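Asker: A single structure is presented below for examination.
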Amino acid sequence: MTPWPRIFFSGILFAASAAGTPWSNAASQDLKKDRSAKAKDKLPVFQPPTVESMPDDAFGRVVKSGEQIFTNTRENARKYVGSALSCANCHLDAGRKADAGPLWAAYVSYPAVLGKDGHVSTFAERLQDCFRFSMNGKAPPLGDPVLVSLETYAFWLAQGAPVGENLSGRGFTKVKTPAKAPDYVRGGKVYAQQCVQCHGADGGGQTRAGKTVFPPLWGPRSFNWGAGMHEIQNAAGFIKANMPPGPGGTLTDQQAWDVAMFMNSHERPQDPRFTGSVAATRKKYHDTPNSMYGRVVNSHMLGSR
């Protein structure tokens, strides 16, 4: 008998009928209830293995290679990187830190459906998107040593993590929509008070001896308009939980949203899916309240440069 195909939706594994029978309303409601229950019933924060426990063998050498690519991406995967960023600039503590896009939580969340087209993306495909958008580069081909090393490192970090569960600390913190709409001017004041010392007045970050020590938040060396961090709610979640570095969690929800809006109201590299029209690109990929792409700020349409 032909096995039923398996489809992964938001951490729940289903068997779809071979005949392709559509879901009933009752099944759809059960799915929504299950999703809601999982969202409220997160597991304790997972503890990944320590650096000291990294195996000293052939497998461990690939794990180590993945860690080096992750923490120094431009130096170790140069031909695929077009920004001054490394993976670890957003996925903190070498992909270990909860609420900073931890790699261990991402690994056990794939394959998964992303976007509205119903495409089931593998973890390797997700990594390819990171290179295209967050690294403003090009995707390593499947099977490339860079991808294999990163997958192996993620697999090692995720040892013992339950597959398909809604792990605490996964992704970025969800920050409630503030009472006041995010504001560029207020965000600029927060930036001047809390961020400028590390990231610079021009948002360009800092380098020492040619190596990025504080990442650029906008401008030609930063992530492009296709990266998830360009959306205000994602940036606000990351900022709320992790910035300023060290204390973290010291900004109010309003401040996090305001400074995220300020950060994402500056020009950055073009979305690689751009085909000549900012309006068309916004309509297809960025038509949300939390994307500044295609909006006019200080008499400039973002995405038009």
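In the structure tokens, the first chain shown is A, the next is B, and so on; residue numbers restart at 1 for each chain, and ligands run from 1 in the order shown.
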Need to verify the contact set: region 277-290 of chain A, 8 Å, only C-alpha atoms, exclusion of same-chain residues closer than 5 positions in sequence. Can you return it as a PyMOL selection string?
Answerer: chain A and resi 231-233+303-304
Asker: If DSSP is run on the backbone, what residues of region 155-282 of chain A are strand (DSSP E or B)? A reply as a ChimeraX atom specification would be ideal.
Answerer: /A:167,172,206-208,211-214
Asker: Write the residues of the preceding selection, restricted to N, CA and C atoms, as an mmCIF file, in the first residue's frame.
Answerer:
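That gives us result-v7.cif:
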data_model
loop_
_atom_site.group_PDB
_atom_site.id
_atom_site.type_symbol
_atom_site.label_atom_id
_atom_site.label_comp_id
_atom_site.auth_asym_id
_atom_site.auth_seq_id
_atom_site.Cartn_x
_atom_site.Cartn_y
_atom_site.Cartn_z
ATOM 1 N N LEU A 167 9.026 24.790 21.642
ATOM 2 C CA LEU A 167 10.016 24.970 22.695
ATOM 3 C C LEU A 167 10.054 26.411 23.205
ATOM 4 N N PHE A 172 12.171 34.630 18.338
ATOM 5 C CA PHE A 172 12.353 35.870 19.081
ATOM 6 C C PHE A 172 11.144 36.104 19.982
ATOM 7 N N GLN A 206 30.486 48.679 13.990
ATOM 8 C CA GLN A 206 31.902 48.930 14.211
ATOM 9 C C GLN A 206 32.728 47.731 13.777
ATOM 10 N N THR A 207 33.890 48.025 13.218
ATOM 11 C CA THR A 207 34.842 46.968 12.865
ATOM 12 C C THR A 207 36.178 47.250 13.537
ATOM 13 N N ARG A 208 36.904 46.191 13.817
ATOM 14 C CA ARG A 208 38.255 46.308 14.356
ATOM 15 C C ARG A 208 39.128 45.295 13.632
ATOM 16 N N LYS A 211 37.378 43.163 11.178
ATOM 17 C CA LYS A 211 36.365 42.215 11.641
ATOM 18 C C LYS A 211 35.224 42.964 12.329
ATOM 19 N N THR A 212 33.995 42.582 12.006
ATOM 20 C CA THR A 212 32.831 43.245 12.598
ATOM 21 C C THR A 212 32.714 42.874 14.068
ATOM 22 N N VAL A 213 32.684 43.903 14.929
ATOM 23 C CA VAL A 213 32.496 43.654 16.362
ATOM 24 C C VAL A 213 31.108 44.073 16.817
ATOM 25 N N PHE A 214 30.522 45.064 16.148
ATOM 26 C CA PHE A 214 29.123 45.433 16.369
ATOM 27 C C PHE A 214 28.473 45.541 14.998
#
Asker: Which residues of region 136-202 of chain A sit at most 9 Å from region 58-64 of chain A, using only C-alpha atoms? Give each one's shortest atom pair and distance in Å (one decimal place), in chain and ascending residue order, as a Markdown table.
Answerer:
| residue | atom | partner | partner_atom | distance |
| --- | --- | --- | --- | --- |
| A:Val148 | CA | A:Val62 | CA | 8.1 |
| A:Ser149 | CA | A:Val62 | CA | 5.5 |
| A:Leu150 | CA | A:Val63 | CA | 7.6 |
| A:Glu151 | CA | A:Val63 | CA | 8.6 |
| A:Thr152 | CA | A:Val63 | CA | 5.6 |
| A:Tyr153 | CA | A:Val63 | CA | 4.5 |
| A:Ala154 | CA | A:Val63 | CA | 8.2 |
| A:Phe155 | CA | A:Val63 | CA | 8.7 |
| A:Trp156 | CA | A:Val63 | CA | 7.0 |
Asker: Based on the selection just made, write N, CA and C atoms of those residues as a PDB file, in the first residue's frame.
Answerer:
ATOM      1  N   VAL A 148      26.321  21.684   4.970  1.00  0.00           N
ATOM      2  CA  VAL A 148      26.469  20.437   5.729  1.00  0.00           C
ATOM      3  C   VAL A 148      27.047  20.723   7.111  1.00  0.00           C
ATOM      4  N   SER A 149      28.029  21.604   7.174  1.00  0.00           N
ATOM      5  CA  SER A 149      28.629  21.952   8.459  1.00  0.00           C
ATOM      6  C   SER A 149      27.629  22.645   9.378  1.00  0.00           C
ATOM      7  N   LEU A 150      26.858  23.588   8.829  1.00  0.00           N
ATOM      8  CA  LEU A 150      25.863  24.290   9.636  1.00  0.00           C
ATOM      9  C   LEU A 150      24.765  23.345  10.112  1.00  0.00           C
ATOM     10  N   GLU A 151      24.308  22.452   9.240  1.00  0.00           N
ATOM     11  CA  GLU A 151      23.299  21.472   9.635  1.00  0.00           C
ATOM     12  C   GLU A 151      23.829  20.556  10.738  1.00  0.00           C
ATOM     13  N   THR A 152      25.078  20.139  10.602  1.00  0.00           N
ATOM     14  CA  THR A 152      25.676  19.248  11.594  1.00  0.00           C
ATOM     15  C   THR A 152      25.817  19.941  12.935  1.00  0.00           C
ATOM     16  N   TYR A 153      26.219  21.195  12.912  1.00  0.00           N
ATOM     17  CA  TYR A 153      26.323  21.969  14.164  1.00  0.00           C
ATOM     18  C   TYR A 153      24.955  22.121  14.819  1.00  0.00           C
ATOM     19  N   ALA A 154      23.934  22.418  14.012  1.00  0.00           N
ATOM     20  CA  ALA A 154      22.577  22.557  14.553  1.00  0.00           C
ATOM     21  C   ALA A 154      22.079  21.234  15.126  1.00  0.00           C
ATOM     22  N   PHE A 155      22.335  20.139  14.409  1.00  0.00           N
ATOM     23  CA  PHE A 155      21.955  18.807  14.889  1.00  0.00           C
ATOM     24  C   PHE A 155      22.601  18.520  16.239  1.00  0.00           C
ATOM     25  N   TRP A 156      23.875  18.848  16.362  1.00  0.00           N
ATOM     26  CA  TRP A 156      24.586  18.599  17.626  1.00  0.00           C
ATOM     27  C   TRP A 156      24.007  19.449  18.760  1.00  0.00           C
TER      28      TRP A 156
END
Asker: Which residues of region 249-276 of chain A have any atom within 10 Å of an atom in region 292-296 of chain A when counting only C-alpha atoms, and what is the closest pair of atoms for each, with the distance in Å to one decimal? Order the rows by chain and rising number and write it as JSON lines.
Answerer:
{"residue": "A:Met261", "atom": "CA", "partner": "A:Met292", "partner_atom": "CA", "distance": 8.0}
{"residue": "A:Phe262", "atom": "CA", "partner": "A:Met292", "partner_atom": "CA", "distance": 9.9}
{"residue": "A:Asn264", "atom": "CA", "partner": "A:Met292", "partner_atom": "CA", "distance": 6.6}
{"residue": "A:Ser265", "atom": "CA", "partner": "A:Met292", "partner_atom": "CA", "distance": 6.1}
{"residue": "A:His266", "atom": "CA", "partner": "A:Met292", "partner_atom": "CA", "distance": 8.8}
{"residue": "A:Glu267", "atom": "CA", "partner": "A:Tyr293", "partner_atom": "CA", "distance": 8.9}
{"residue": "A:Arg268", "atom": "CA", "partner": "A:Tyr293", "partner_atom": "CA", "distance": 9.8}
{"residue": "A:Gln270", "atom": "CA", "partner": "A:Tyr293", "partner_atom": "CA", "distance": 9.6}
{"residue": "A:Asp271", "atom": "CA", "partner": "A:Tyr293", "partner_atom": "CA", "distance": 9.3}
Asker: Could you write out, as a VMD selection string, all the residues of region 12-196 of chain A that DSSP marks as helix (DSSP H, G or I)?
Answerer: chain A and resid 25 to 40 51 to 53 58 to 71 73 to 76 78 to 80 87 to 89 92 to 95 103 to 107 123 to 132 145 to 157 184 to 194 196
Asker: Restricting the calculation to only C-alpha atoms, which member of A:Phe123, A:Tyr184, A:Phe274, A:Trp218 is positioned closest to Trp257 (chain A)?
Answerer: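 Residue with the minimum atom-to-atom distance to Trp257 (chain A): A:Tyr184.
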Asker: I need the residue nearest Val45 (chain A) from this list: A:Gly169, A:Gly118, A:Gly203, A:Gly82. Use only C-alpha atoms for the distance.
Answerer: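 So, comparing all the options, the nearest one is A:Gly169.
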Asker: I'd like the contact shell of Arg221 (chain A) - 9 Å cut-off, only C-alpha atoms, skipping same-chain residues fewer than 4 positions apart - returned as an MDAnalysis selection string.
Answerer: chainID A and resid 82:85 136 204 215:217 268:269
Asker: Figure out the distance between CA of Lys138 (chain A) and CA of Ala158 (chain A), please, to one decimal in Å.
Answerer: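 Separating CA of Ala158 (chain A) from CA of Lys138 (chain A) is a distance of 26.0 Å.
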Asker: Residues of region 134-212 of chain A that have any atom at most 8 Å from an atom of region 92-101 of chain A: could you tabulate them with the shortest-distance atom pair and the distance in Å to one decimal, using only C-alpha atoms, ordered by chain and increasing number, as a tab-separated table?
Answerer:
residue	atom	partner	partner_atom	distance
A:Leu157	CA	A:Arg96	CA	7.7
A:Ser168	CA	A:Ala98	CA	7.5
A:Gly169	CA	A:Ala98	CA	4.2
A:Arg170	CA	A:Asp99	CA	5.9
A:Gly171	CA	A:Gly101	CA	4.0
A:Phe172	CA	A:Asp99	CA	4.6
A:Thr173	CA	A:Asp99	CA	5.4
Asker: Which residues are close to Pro244 (chain A), i.e. within 12 Å by only C-alpha atoms, leaving aside same-chain residues fewer than 4 positions away? Reply as a list in words.
Answerer: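 In the requested format, the answer is Val190, Tyr191, Gln193, Gln194, Cys195, Val196, Gln197, Cys198, His199, Phe214, Phe238, Ile239, Lys240, Gly248, Gly249, Thr250, Leu251, Gln255, Ala256 and Val259 of chain A.
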Asker: Just how far from CA of Val175 (chain A) is CA of Trp225 (chain A), in Å to one decimal?
Answerer: 21.5 Å
Asker: State, in Å with one decimal place, the distance from CA of Asn224 (chain A) to CA of Arg74 (chain A).
Answerer: 15.5 Å
